[in-house]
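**Q** Next up, my_file05.cif (mmCIF, C-alpha atoms).
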data_upload
loop_
_atom_site.label_atom_id
_atom_site.label_comp_id
_atom_site.auth_asym_id
_atom_site.auth_seq_id
_atom_site.Cartn_x
_atom_site.Cartn_y
_atom_site.Cartn_z
CA MET E 23 -10.46 -38.12 14.80
CA SER E 24 -13.81 -37.81 13.06
CA ILE E 25 -16.09 -40.74 12.27
CA SER E 26 -16.07 -41.62 8.57
CA VAL E 27 -19.28 -41.84 6.57
CA ASP E 28 -18.82 -45.58 6.00
CA THR E 29 -18.23 -46.15 9.72
CA MET E 30 -21.46 -44.31 10.53
CA ARG E 31 -23.33 -46.41 7.99
CA THR E 32 -21.90 -49.59 9.50
CA ILE E 33 -22.84 -48.53 13.04
CA ASP E 34 -26.33 -47.61 11.85
CA ARG E 35 -26.82 -51.05 10.27
CA ARG E 36 -25.09 -53.37 12.73
CA VAL E 37 -25.90 -51.58 15.97
CA GLY E 38 -29.02 -49.65 14.96
CA THR E 39 -31.01 -52.66 13.74
CA PRO E 40 -30.81 -54.74 16.95
CA LEU E 41 -31.36 -51.63 19.06
CA CYS E 42 -34.52 -50.84 17.09
CA ALA E 43 -35.70 -54.39 17.75
CA LEU E 44 -35.02 -54.06 21.49
CA VAL E 45 -36.48 -50.56 21.89
CA SER E 46 -39.62 -50.98 19.76
CA PRO E 47 -41.64 -52.99 22.33
CA PHE E 48 -40.72 -50.49 25.05
CA VAL E 49 -41.89 -47.58 22.90
CA LYS E 50 -45.15 -49.37 22.13
CA ILE E 51 -45.85 -50.02 25.82
CA VAL E 52 -45.12 -46.39 26.77
CA ASP E 53 -47.39 -45.18 23.96
CA PHE E 54 -50.20 -47.44 25.18
CA ILE E 55 -49.88 -46.24 28.79
CA LYS E 56 -49.76 -42.57 27.79
CA GLN E 57 -52.77 -42.93 25.53
CA ARG E 58 -54.81 -44.55 28.31
CA LEU E 59 -53.85 -41.89 30.84
CA SER E 60 -54.13 -38.87 28.55
CA PRO E 61 -55.12 -39.01 24.85
CA ALA E 62 -52.73 -37.09 22.59
CA THR E 63 -53.79 -33.69 21.25
CA SER E 64 -54.39 -33.59 17.50
CA GLN E 65 -52.43 -30.46 16.55
CA PRO E 66 -48.65 -30.15 17.06
CA LYS E 67 -47.53 -27.27 19.25
CA LYS E 68 -43.79 -27.92 19.49
CA LEU E 69 -42.57 -29.67 16.37
CA LEU E 70 -39.04 -31.02 15.95
CA PHE E 71 -37.47 -31.80 12.57
CA ILE E 72 -34.56 -34.26 12.48
CA GLU E 73 -32.11 -34.04 9.57
CA LEU E 74 -28.54 -34.77 10.57
CA SER E 75 -26.21 -35.34 7.67
CA GLU E 76 -27.19 -33.30 4.60
CA MET E 77 -26.61 -29.53 4.68
CA GLY E 78 -28.54 -29.03 1.45
CA SER E 79 -31.60 -30.68 2.97
CA ALA E 80 -31.77 -27.88 5.55
CA ILE E 81 -32.66 -25.60 2.62
CA ILE E 82 -34.93 -28.04 0.79
CA VAL E 83 -36.99 -28.63 3.95
CA ASP E 84 -37.57 -24.90 4.48
CA PRO E 85 -40.97 -24.84 2.67
CA ALA E 86 -42.13 -27.68 4.94
CA MET E 87 -40.96 -25.86 8.07
CA ARG E 88 -42.69 -22.64 7.02
CA ASP E 89 -45.85 -24.60 6.31
CA ALA E 90 -45.74 -26.01 9.84
CA GLN E 91 -45.22 -22.50 11.25
CA LYS E 92 -48.25 -21.21 9.36
CA ARG E 93 -50.26 -23.97 11.01
CA GLY E 94 -49.26 -22.62 14.42
CA ALA E 95 -46.37 -24.86 15.49
CA GLU E 96 -43.17 -23.70 17.15
CA ILE E 97 -40.29 -25.18 15.14
CA PHE E 98 -37.25 -27.02 16.53
CA PHE E 99 -34.44 -28.75 14.62
CA LEU E 100 -31.84 -31.47 15.35
CA ILE E 101 -28.73 -31.54 13.14
CA PHE E 102 -25.09 -32.57 13.29
CA LYS E 103 -23.00 -29.81 14.84
CA SER E 104 -20.82 -29.57 11.72
CA ASN E 105 -23.91 -28.77 9.60
CA ARG E 106 -25.58 -26.28 11.94
CA ALA E 107 -24.57 -23.26 9.86
CA SER E 108 -26.88 -24.35 7.02
CA LEU E 109 -29.87 -23.40 9.19
CA THR E 110 -28.65 -19.81 9.46
CA LEU E 111 -29.07 -18.95 5.78
CA LEU E 112 -32.82 -18.35 6.14
CA ASN E 113 -33.12 -18.29 9.95
CA THR E 114 -36.47 -20.09 9.87
CA VAL E 115 -35.58 -21.84 13.12
CA GLN E 116 -34.73 -19.70 16.15
CA PRO E 117 -31.11 -20.31 17.30
CA GLN E 118 -32.23 -21.42 20.77
CA ASN E 119 -34.45 -24.07 19.15
CA ILE E 120 -31.59 -25.81 17.32
CA PHE E 121 -30.21 -28.98 18.93
CA THR E 122 -26.89 -30.36 17.70
CA ILE E 123 -25.00 -33.65 17.91
CA ASP E 124 -21.23 -33.71 17.65
CA ALA E 125 -20.35 -36.58 15.31
CA SER E 126 -16.61 -35.88 15.28
CA SER E 127 -16.01 -38.70 17.76
CA LEU E 128 -17.88 -41.70 19.13
CA PHE E 129 -17.77 -40.17 22.62
CA GLY E 130 -19.31 -36.92 21.38
CA LEU E 131 -21.96 -38.83 19.46
CA VAL E 132 -23.04 -40.83 22.51
CA ARG E 133 -22.85 -37.86 24.88
CA ASP E 134 -24.91 -35.54 22.68
CA THR E 135 -27.43 -38.29 21.94
CA PHE E 136 -28.33 -38.57 25.62
CA LYS E 137 -28.23 -34.78 26.01
CA PHE E 138 -30.72 -34.40 23.17
CA LEU E 139 -33.10 -36.96 24.66
CA LEU E 140 -33.12 -34.92 27.88
CA ASP E 141 -33.44 -31.57 26.07
CA ALA E 142 -36.39 -32.79 24.01
CA ARG E 143 -38.27 -33.63 27.17
CA ARG E 144 -37.23 -30.38 28.85
CA HIS E 145 -38.66 -28.41 25.92
CA LYS E 146 -41.79 -30.61 25.91
CA ILE E 147 -41.53 -31.55 22.23
CA ASP E 148 -44.88 -33.12 21.31
CA THR E 149 -44.25 -33.94 17.63
CA VAL E 150 -41.19 -35.20 15.75
CA ILE E 151 -40.70 -35.39 12.00
CA ASP E 152 -37.82 -37.65 10.98
CA LEU E 153 -36.62 -36.37 7.61
CA GLU E 154 -33.91 -39.00 7.17
CA LEU E 155 -34.48 -41.77 4.65
CA PHE E 156 -34.62 -44.93 6.74
CA SER E 157 -31.82 -44.16 9.20
CA ARG E 158 -32.01 -46.43 12.28
CA TYR E 159 -30.18 -43.86 14.40
CA THR E 160 -32.76 -41.13 13.78
CA ALA E 161 -35.54 -43.68 14.26
CA LEU E 162 -34.18 -44.37 17.75
CA LEU E 163 -33.93 -40.63 18.47
CA THR E 164 -37.52 -40.24 17.29
CA GLY E 165 -38.86 -43.12 19.34
CA LEU E 166 -37.05 -42.25 22.56
CA CYS E 167 -37.38 -38.45 22.68
CA GLY E 168 -40.74 -38.53 24.48
CA ALA E 169 -42.89 -37.01 21.72
CA ARG E 170 -46.46 -38.32 21.49
CA LYS E 171 -46.69 -37.90 17.72
CA ARG E 172 -43.84 -39.26 15.59
CA ILE E 173 -43.81 -39.02 11.80
CA GLY E 174 -41.41 -40.55 9.30
CA TYR E 175 -40.98 -42.83 6.31
CA ASP E 176 -41.83 -46.52 6.61
CA ILE E 177 -40.82 -49.41 4.38
CA PHE E 178 -44.28 -51.10 4.70
CA HIS E 179 -44.08 -54.27 2.55
CA GLY E 180 -40.62 -53.53 1.16
CA GLU E 181 -37.58 -55.67 1.90
CA GLY E 182 -34.77 -54.46 4.16
CA LEU E 183 -34.05 -51.15 5.89
CA TRP E 184 -36.31 -52.15 8.79
CA ARG E 185 -36.01 -49.75 11.72
CA GLY E 186 -38.54 -50.86 14.26
CA THR E 187 -41.96 -49.53 15.15
CA MET E 188 -40.98 -46.08 16.36
CA LEU E 189 -43.51 -44.12 14.32
CA THR E 190 -47.10 -43.23 15.10
CA HIS E 191 -47.65 -41.87 11.57
CA LYS E 192 -46.04 -43.88 8.78
CA VAL E 193 -45.59 -41.95 5.53
CA HIS E 194 -45.00 -43.48 2.12
CA TYR E 195 -41.73 -42.21 0.64
CA ASN E 196 -42.36 -41.40 -3.01
CA PRO E 197 -39.19 -41.91 -5.12
CA HIS E 198 -40.92 -40.36 -8.12
CA GLN E 199 -41.37 -36.83 -6.80
CA HIS E 200 -39.00 -34.18 -5.52
CA ILE E 201 -37.77 -34.62 -1.96
CA ALA E 202 -39.22 -31.20 -1.05
CA LYS E 203 -42.70 -32.60 -1.73
CA ASN E 204 -41.88 -35.70 0.29
CA PHE E 205 -40.98 -33.41 3.21
CA LEU E 206 -44.29 -31.57 2.86
CA ALA E 207 -46.08 -34.93 2.96
CA LEU E 208 -44.57 -35.48 6.41
CA VAL E 209 -45.93 -32.14 7.64
CA TYR E 210 -49.37 -32.99 6.29
CA ALA E 211 -49.31 -36.27 8.22
CA ALA E 212 -48.37 -34.39 11.39
CA PHE E 213 -51.37 -32.07 11.21
CA THR E 214 -54.12 -34.12 9.63
CA GLU E 215 -56.85 -35.44 11.90
CA LYS E 216 -57.57 -38.35 9.55
CA THR E 217 -56.05 -41.79 9.95
CA GLU E 218 -54.48 -42.94 6.71
CA VAL E 219 -52.53 -46.03 5.67
CA PRO E 220 -50.19 -44.97 4.31
CA TYR E 221 -49.90 -41.23 4.78
CA SER E 222 -50.16 -38.84 2.91
CA LYS E 223 -53.11 -38.95 0.56
CA VAL E 224 -52.90 -35.35 -0.62
CA HIS E 225 -51.83 -33.50 -3.77
CA ILE E 226 -48.83 -31.19 -3.28
CA PRO E 227 -48.58 -28.55 -6.03
CA ASP E 228 -45.29 -27.17 -7.33
CA SER E 229 -46.22 -23.77 -5.89
CA ALA E 230 -45.96 -25.23 -2.38
CA ILE E 231 -42.18 -25.64 -2.61
CA GLU E 232 -41.13 -22.07 -3.29
CA ILE E 233 -37.92 -21.22 -1.44
CA ALA E 234 -37.74 -18.05 0.67
CA GLN E 235 -35.06 -15.54 -0.30
CA ALA E 236 -32.21 -14.46 1.94
CA LYS E 237 -31.98 -10.87 3.10
CA ILE E 238 -28.57 -9.29 2.60
CA GLU E 239 -27.16 -6.65 4.92
CA PRO E 240 -25.62 -3.68 3.00
CA SER E 241 -22.49 -3.80 5.15
CA MET E 242 -21.91 -7.47 4.33
CA HIS E 243 -22.59 -6.81 0.66
CA ARG E 244 -19.98 -4.03 0.59
CA ASP E 245 -17.48 -6.17 2.50
CA VAL E 246 -17.74 -9.22 0.25
CA LEU E 247 -17.68 -7.08 -2.90
CA SER E 248 -14.59 -5.26 -1.63
CA ARG E 249 -12.93 -8.62 -0.93
CA ILE E 250 -13.60 -9.75 -4.50
CA GLU E 251 -12.22 -6.49 -5.92
CA ARG E 252 -9.06 -6.68 -3.80
CA SER E 253 -8.52 -10.33 -4.74
CA ALA E 254 -8.90 -9.49 -8.43
CA THR E 255 -6.44 -6.60 -8.14
CA LYS E 256 -3.95 -8.83 -6.30
CA HIS E 257 -4.05 -11.23 -9.26
CA GLY E 258 -3.65 -8.47 -11.84
CA LEU E 259 -7.32 -8.41 -12.83
CA THR E 260 -9.95 -5.70 -12.91
CA TYR E 261 -13.40 -6.34 -11.53
CA ILE E 262 -16.20 -3.77 -11.61
CA HIS E 263 -19.51 -5.12 -10.40
CA GLY E 264 -22.12 -4.94 -13.17
CA THR E 265 -19.45 -4.47 -15.84
CA HIS E 266 -17.30 -7.58 -15.72
CA PRO E 267 -18.80 -11.09 -15.64
CA LEU E 268 -18.28 -12.89 -12.33
CA PHE E 269 -18.42 -16.68 -12.38
CA LEU E 270 -18.23 -19.12 -9.48
CA VAL E 271 -16.91 -22.64 -9.94
CA ASN E 272 -17.42 -25.12 -7.08
CA PRO E 273 -15.41 -28.26 -7.97
CA ASN E 274 -15.73 -30.34 -4.81
CA ALA E 275 -18.47 -32.44 -3.21
CA SER E 276 -18.76 -33.87 0.28
CA GLU E 277 -17.32 -37.18 1.41
CA LEU E 278 -20.88 -38.48 1.77
CA LEU E 279 -20.89 -39.38 -1.92
CA VAL E 280 -17.58 -38.69 -3.65
CA GLN E 281 -18.92 -40.16 -6.91
CA ARG E 282 -20.74 -36.84 -7.41
CA ARG E 283 -17.46 -35.13 -8.29
CA TRP E 284 -16.75 -34.06 -11.86
CA ALA E 285 -13.04 -34.60 -12.43
CA PRO E 286 -10.70 -31.69 -11.50
CA GLU E 287 -9.30 -31.87 -15.04
CA ARG E 288 -12.78 -31.24 -16.46
CA PHE E 289 -13.32 -28.24 -14.21
CA ALA E 290 -9.91 -26.92 -15.25
CA ALA E 291 -10.79 -27.31 -18.93
CA LEU E 292 -14.12 -25.57 -18.32
CA ILE E 293 -12.37 -22.64 -16.66
CA VAL E 294 -10.07 -22.29 -19.67
CA ALA E 295 -13.07 -22.36 -22.02
CA MET E 296 -14.92 -19.77 -19.91
CA GLU E 297 -11.91 -17.45 -19.93
CA GLN E 298 -11.68 -17.71 -23.72
CA LYS E 299 -15.40 -16.97 -24.13
CA TRP E 300 -15.48 -14.14 -21.57
CA PRO E 301 -11.92 -12.72 -21.51
CA ASP E 302 -12.91 -9.81 -19.25
CA SER E 303 -14.45 -12.11 -16.62
CA VAL E 304 -13.29 -13.01 -13.15
CA ILE E 305 -13.64 -16.70 -12.21
CA LEU E 306 -13.67 -17.52 -8.50
CA ILE E 307 -13.02 -21.17 -7.67
CA THR E 308 -14.84 -21.65 -4.38
CA GLY E 309 -14.71 -24.06 -1.46
CA SER E 310 -14.36 -24.26 2.29
CA PRO E 311 -11.03 -23.53 4.01
CA ALA E 312 -10.43 -27.29 4.22
CA GLU E 313 -10.84 -27.55 0.44
CA TYR E 314 -8.12 -25.01 -0.38
CA ASP E 315 -5.66 -27.60 -1.70
CA TYR E 316 -8.32 -29.31 -3.81
CA VAL E 317 -9.30 -25.96 -5.31
CA GLU E 318 -5.66 -24.99 -5.85
CA ASP E 319 -5.13 -28.20 -7.80
CA VAL E 320 -7.96 -27.20 -10.16
CA ARG E 321 -6.56 -23.67 -10.52
CA VAL E 322 -3.06 -24.93 -11.31
CA LYS E 323 -4.39 -27.40 -13.87
CA ALA E 324 -6.37 -24.61 -15.57
CA ASN E 325 -3.47 -22.13 -15.46
CA ALA E 326 -5.93 -19.41 -16.46
CA LYS E 327 -5.07 -15.82 -15.54
CA ASN E 328 -8.72 -14.98 -14.82
CA ALA E 329 -9.13 -17.80 -12.28
CA ILE E 330 -8.65 -17.16 -8.55
CA ASN E 331 -8.53 -19.69 -5.70
CA PHE E 332 -11.28 -18.24 -3.48
CA ALA E 333 -11.59 -21.20 -1.10
CA GLY E 334 -12.11 -20.04 2.48
CA GLN E 335 -12.41 -16.37 1.50
CA VAL E 336 -16.04 -16.07 2.60
CA LYS E 337 -17.68 -17.34 5.76
CA PHE E 338 -20.65 -19.66 5.46
CA ALA E 339 -23.05 -16.87 6.48
CA GLU E 340 -21.65 -14.74 3.64
CA LEU E 341 -22.46 -17.25 0.90
CA PRO E 342 -25.85 -15.68 -0.02
CA THR E 343 -24.08 -12.33 -0.34
CA LEU E 344 -21.47 -13.82 -2.67
CA TYR E 345 -24.26 -15.42 -4.68
CA THR E 346 -26.09 -12.11 -5.13
CA ILE E 347 -22.92 -10.53 -6.51
CA ALA E 348 -22.01 -13.34 -8.93
CA ASP E 349 -23.62 -13.96 -12.30
CA VAL E 350 -23.45 -17.75 -12.69
CA MET E 351 -22.18 -20.69 -10.64
CA VAL E 352 -21.18 -24.14 -11.86
CA THR E 353 -21.20 -26.83 -9.18
CA ASN E 354 -21.34 -30.53 -8.56
CA ASP E 355 -24.53 -31.85 -7.02
CA SER E 356 -23.70 -30.62 -3.51
CA GLY E 357 -24.64 -28.05 -0.87
CA PRO E 358 -23.88 -24.86 -2.87
CA GLY E 359 -26.43 -25.82 -5.50
CA HIS E 360 -29.09 -25.69 -2.78
CA PHE E 361 -27.64 -22.78 -0.80
CA SER E 362 -27.75 -20.60 -3.92
CA SER E 363 -31.50 -21.18 -4.26
CA VAL E 364 -32.10 -18.62 -1.49
CA THR E 365 -30.83 -15.97 -3.95
CA ASP E 366 -31.38 -15.08 -7.61
CA LEU E 367 -28.10 -16.66 -8.70
CA HIS E 368 -28.31 -18.67 -11.92
CA THR E 369 -26.61 -22.05 -11.54
CA VAL E 370 -25.56 -25.08 -13.56
CA VAL E 371 -25.57 -28.26 -11.43
CA LEU E 372 -23.91 -31.51 -12.54
CA PHE E 373 -25.66 -34.75 -11.60
CA GLY E 374 -24.40 -38.33 -11.79
CA PRO E 375 -25.27 -40.90 -9.09
CA GLU E 376 -28.21 -38.74 -7.97
CA THR E 377 -31.10 -37.41 -10.02
CA PRO E 378 -32.35 -33.80 -10.32
CA ALA E 379 -35.89 -35.18 -10.39
CA LEU E 380 -35.53 -35.82 -6.65
CA TYR E 381 -32.73 -33.50 -5.54
CA GLY E 382 -32.64 -30.71 -8.09
CA SER E 383 -32.02 -27.18 -6.83
CA LEU E 384 -35.18 -25.16 -6.22
CA GLY E 385 -33.51 -21.98 -7.47
CA LYS E 386 -32.72 -20.67 -10.96
CA SER E 387 -30.89 -23.81 -11.94
CA ILE E 388 -30.19 -25.89 -15.04
CA PRO E 389 -29.29 -29.51 -14.20
CA ILE E 390 -27.04 -31.59 -16.43
CA THR E 391 -27.15 -35.38 -16.27
CA ALA E 392 -25.88 -38.06 -18.62
CA ALA E 393 -28.95 -40.20 -17.81
CA LEU E 394 -27.06 -43.48 -18.08
CA ALA E 395 -28.97 -46.75 -17.72
CA CYS E 396 -27.44 -47.21 -14.24
CA SER E 397 -28.29 -43.73 -12.99
CA PRO E 398 -29.33 -42.85 -10.37
CA CYS E 399 -27.52 -45.61 -8.49
CA VAL E 400 -28.13 -44.26 -4.97
CA SER E 401 -31.47 -44.09 -3.25
CA ALA E 402 -33.26 -44.54 0.05
CA ALA E 403 -33.21 -48.28 -0.61
CA ASN E 404 -29.41 -48.55 -0.44
CA HIS E 405 -28.65 -45.97 2.25
CA ARG E 406 -27.33 -43.70 -0.53
CA LYS E 407 -24.26 -45.89 -0.96
CA THR E 408 -23.25 -47.10 -4.40
CA PRO E 409 -20.87 -49.95 -5.34
CA CYS E 410 -19.61 -47.81 -8.24
CA HIS E 411 -15.95 -46.78 -8.22
CA ASP E 412 -15.98 -45.60 -11.83
CA ASN E 413 -18.35 -42.64 -12.13
CA GLU E 414 -18.81 -42.79 -15.87
CA CYS E 415 -22.04 -40.83 -15.34
CA MET E 416 -19.92 -37.77 -14.46
CA ARG E 417 -17.23 -38.37 -17.07
CA ALA E 418 -19.95 -38.56 -19.73
CA ILE E 419 -20.71 -34.87 -19.11
CA SER E 420 -18.55 -32.88 -21.54
CA VAL E 421 -16.97 -29.48 -21.09
CA ASN E 422 -18.86 -28.16 -24.12
CA GLN E 423 -22.18 -29.27 -22.62
CA VAL E 424 -21.49 -27.34 -19.45
CA LEU E 425 -20.14 -24.29 -21.27
CA GLU E 426 -23.32 -24.13 -23.36
CA LYS E 427 -25.50 -24.09 -20.24
CA VAL E 428 -23.26 -21.50 -18.57
CA ALA E 429 -23.77 -19.24 -21.60
CA ILE E 430 -27.55 -19.67 -21.37
CA GLN E 431 -27.53 -18.85 -17.66
CA TYR E 432 -25.26 -15.83 -18.14
CA GLU E 433 -27.58 -14.40 -20.79
CA ALA E 434 -30.53 -14.97 -18.44
CA ALA E 435 -28.70 -13.27 -15.56
CA VAL E 436 -27.85 -10.23 -17.66
CA ALA E 437 -31.37 -10.00 -19.08
CA HIS E 438 -33.02 -10.04 -15.66
CA GLN E 439 -30.30 -8.02 -13.92
CA ALA E 440 -30.99 -10.24 -10.89
CA PHE E 441 -27.51 -9.90 -9.49
CA HIS E 442 -27.77 -6.08 -9.45
CA ARG E 443 -30.70 -6.05 -7.05
CA PRO E 444 -29.96 -7.93 -3.80
CA ILE E 445 -32.50 -7.67 -1.00
CA LEU E 446 -30.91 -5.27 1.47
CA ILE E 447 -31.77 -4.63 5.11
CA ASN E 448 -32.04 -0.92 5.79
#
What does the file become when written as structure tokens?
**A**
Amino acid sequence: MSISVDTMRTIDRRVGTPLCALVSPFVKIVDFIKQRLSPATSQPKKLLFIELSEMGSAIIVDPAMRDAQKRGAEIFFLIFKSNRASLTLLNTVQPQNIFTIDASSLFGLVRDTFKFLLDARRHKIDTVIDLELFSRYTALLTGLCGARKRIGYDIFHGEGLWRGTMLTHKVHYNPHQHIAKNFLALVYAAFTEKTEVPYSKVHIPDSAIEIAQAKIEPSMHRDVLSRIERSATKHGLTYIHGTHPLFLVNPNASELLVQRRWAPERFAALIVAMEQKWPDSVILITGSPAEYDYVEDVRVKANAKNAINFAGQVKFAELPTLYTIADVMVTNDSGPGHFSSVTDLHTVVLFGPETPALYGSLGKSIPITAALACSPCVSAANHRKTPCHDNECMRAISVNQVLEKVAIQYEAAVAHQAFHRPILIN
């Protein structure tokens, strides 16, 4: 039985806080002894990023990781085992340098925690960047892994979310700029030779957060395209790539924040409207194998002949290939909105409890948000947990609004012919 998100939050607060208080003095003493015996080197050689729970963040942090590589560091990454696949889309981190923690059970969590602490020392990790927003668990991993230089966000004079004194370089989290720039600020703090309070006193231009593009193997491209064609034929449809519009609709969102979901009835109505506007189109309703029933519910509600339940029909590693074939995707604020940014796919992303100003896709995306007075209601200050059980911010987004943006993105996709020219490996 897997650990629920709320249970993990409770453990992090009730167990993590006293543990941070107990461990902090020990970490300080060890730091003092190490510094007296052997002063730390200024430039990171083996740099570990920690980001456990958000698959989309593994894409958003890619510019920061590549920046660290350009500065000469070997990159390592720690992530929950269930999210490991997100690091394979761009392969910035070598497979042997990826550490995982199995969070499907309390036993697995404890076992892999101790295993990681040993592995970090075995690999002689000298620098850790904690990407999580004020998680006590990752603070403990950072403080106890043996690295001499430890970078992360600190609350400074703010109330709450205290997580000890695990960090050697405390970075100010800026809630007014995109999270990708916040990640780059952590890398700057890791490599600068200046002492700053707080880090990082540096301008980060928009050009610094360009996302690398995935490379598509011709064999995988042919295979996925053939799968789409066969699925269309099975449902009495005709699909010829480059002739018929291909739309993706991703109606689900992770359990981490279910308030991000646009109602299944709205997605169904959108599918009907898309079929009426583009009667020769094929509409694939996507999702993981575990989301098949959720997707099927949307398909049944739409009852549109052009719509196909495509949940589980592509492996995670095949997502960039699917995205290079499709014209436009509509999705909740969730992983696919970020995964698609490694391709030229045009997307429409629906935002409610989060804001695109901080978590917008870095690809060819148009965000839609109702911008209610209460939005965004989740942030680093509340552990991304909202008291809201009535996501009016999502219900306020109309089908016509979304359809209008889909039309704009489809025209842009056709004009640029982006989906006709995937990057292929010869």
**Q** Starting from the shown file, work through the PyMOL selection byres ((chain E and resi 288) around 12) and note down what comes out as a PyMOL selection string.
**A** chain E and resi 271+273+283-287+289-295+319-321+323-324+352-354+372+416-425
**Q** I'd like the contact shell of His145 of chain E - 12 Å cut-off, all atoms listed in the file, skipping same-chain residues fewer than 4 positions apart - returned as a PDB file with C-alpha atoms, in the frame of the given file.
**A**
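After the write, selection_21.pdb holds the following:
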ATOM      1  CA  LYS E  67     -47.530 -27.270  19.250  1.00  0.00           C
ATOM      2  CA  LYS E  68     -43.790 -27.920  19.490  1.00  0.00           C
ATOM      3  CA  LEU E  69     -42.570 -29.670  16.370  1.00  0.00           C
ATOM      4  CA  LEU E  70     -39.040 -31.020  15.950  1.00  0.00           C
ATOM      5  CA  GLU E  96     -43.170 -23.700  17.150  1.00  0.00           C
ATOM      6  CA  ILE E  97     -40.290 -25.180  15.140  1.00  0.00           C
ATOM      7  CA  PHE E  98     -37.250 -27.020  16.530  1.00  0.00           C
ATOM      8  CA  GLN E 118     -32.230 -21.420  20.770  1.00  0.00           C
ATOM      9  CA  ASN E 119     -34.450 -24.070  19.150  1.00  0.00           C
ATOM     10  CA  ILE E 120     -31.590 -25.810  17.320  1.00  0.00           C
ATOM     11  CA  PHE E 121     -30.210 -28.980  18.930  1.00  0.00           C
ATOM     12  CA  PHE E 138     -30.720 -34.400  23.170  1.00  0.00           C
ATOM     13  CA  LEU E 139     -33.100 -36.960  24.660  1.00  0.00           C
ATOM     14  CA  LEU E 140     -33.120 -34.920  27.880  1.00  0.00           C
ATOM     15  CA  ASP E 141     -33.440 -31.570  26.070  1.00  0.00           C
ATOM     16  CA  THR E 149     -44.250 -33.940  17.630  1.00  0.00           C
ATOM     17  CA  CYS E 167     -37.380 -38.450  22.680  1.00  0.00           C
ATOM     18  CA  GLY E 168     -40.740 -38.530  24.480  1.00  0.00           C
ATOM     19  CA  ALA E 169     -42.890 -37.010  21.720  1.00  0.00           C
TER      20      ALA E 169
END
**Q** Would you list the residues near (-18.0, -11.8, -13.9), meaning any protein, DNA or RNA residue with an atom at most 9 Å from that point in file coordinates, counting only C-alpha atoms, as a count of residues only?
**A** 20
**Q** Just checking: using all atoms listed in the file, which residue out of E:Leu166, E:Leu278, E:Ala236, E:Met87 ends up closest to Val45 of chain E?
**A**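 Of E:Leu166, E:Leu278, E:Ala236, E:Met87, the one nearest Val45 of chain E, counting all atoms listed in the file, is E:Leu166.
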**Q** Given the choices E:Leu109, E:Ala403, E:Ala230, E:Cys415, which gets closest to Phe156 of chain E if the distance is worked out from all atoms listed in the file?
**A**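 The shortest atom-to-atom distance to Phe156 of chain E comes from E:Ala403.
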**Q** Given the file shown, enumerate the residues that the PyMOL selection byres ((chain E and resi 238) around 12) captures and present them as an MDAnalysis selection string.
**A** chainID E and resid 111:112 235:237 239:246 339:347 364:365 443:448
**Q** At a cut-off of 12 Å, using only C-alpha atoms, what residues contact Gly78 of chain E? Leave out same-chain residues fewer than 2 positions from it and give the result as JSON, numbers by chain.
**A** {"E": [73, 74, 75, 76, 80, 81, 82, 83, 84, 101, 105, 106, 107, 108, 109, 111, 201, 202, 275, 276, 355, 356, 357, 358, 359, 360, 361, 362, 363, 364, 381, 382, 383, 384]}
**Q** Using Å and a single decimal, report how far atom CA of Ile123 of chain E sits from atom CA of Phe102 of chain E.
**A**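 Straight-line distance from atom CA of Phe102 of chain E to atom CA of Ile123 of chain E works out to 4.7 Å.
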**Q** Starting from the shown file, work through the PyMOL selection byres ((chain E and resi 198) around 12) and note down what comes out as a VMD selection string.
**A** chain E and resid 194 to 197 199 to 204 377 to 381 401 to 402
**Q** Can you work out which one of E:His191, E:Glu277, E:Asp124, E:Asn272 has the shortest atom-to-atom distance to Asp28 of chain E, counting only C-alpha atoms?
**A**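 Closest residue, counting only C-alpha atoms: E:Glu277.
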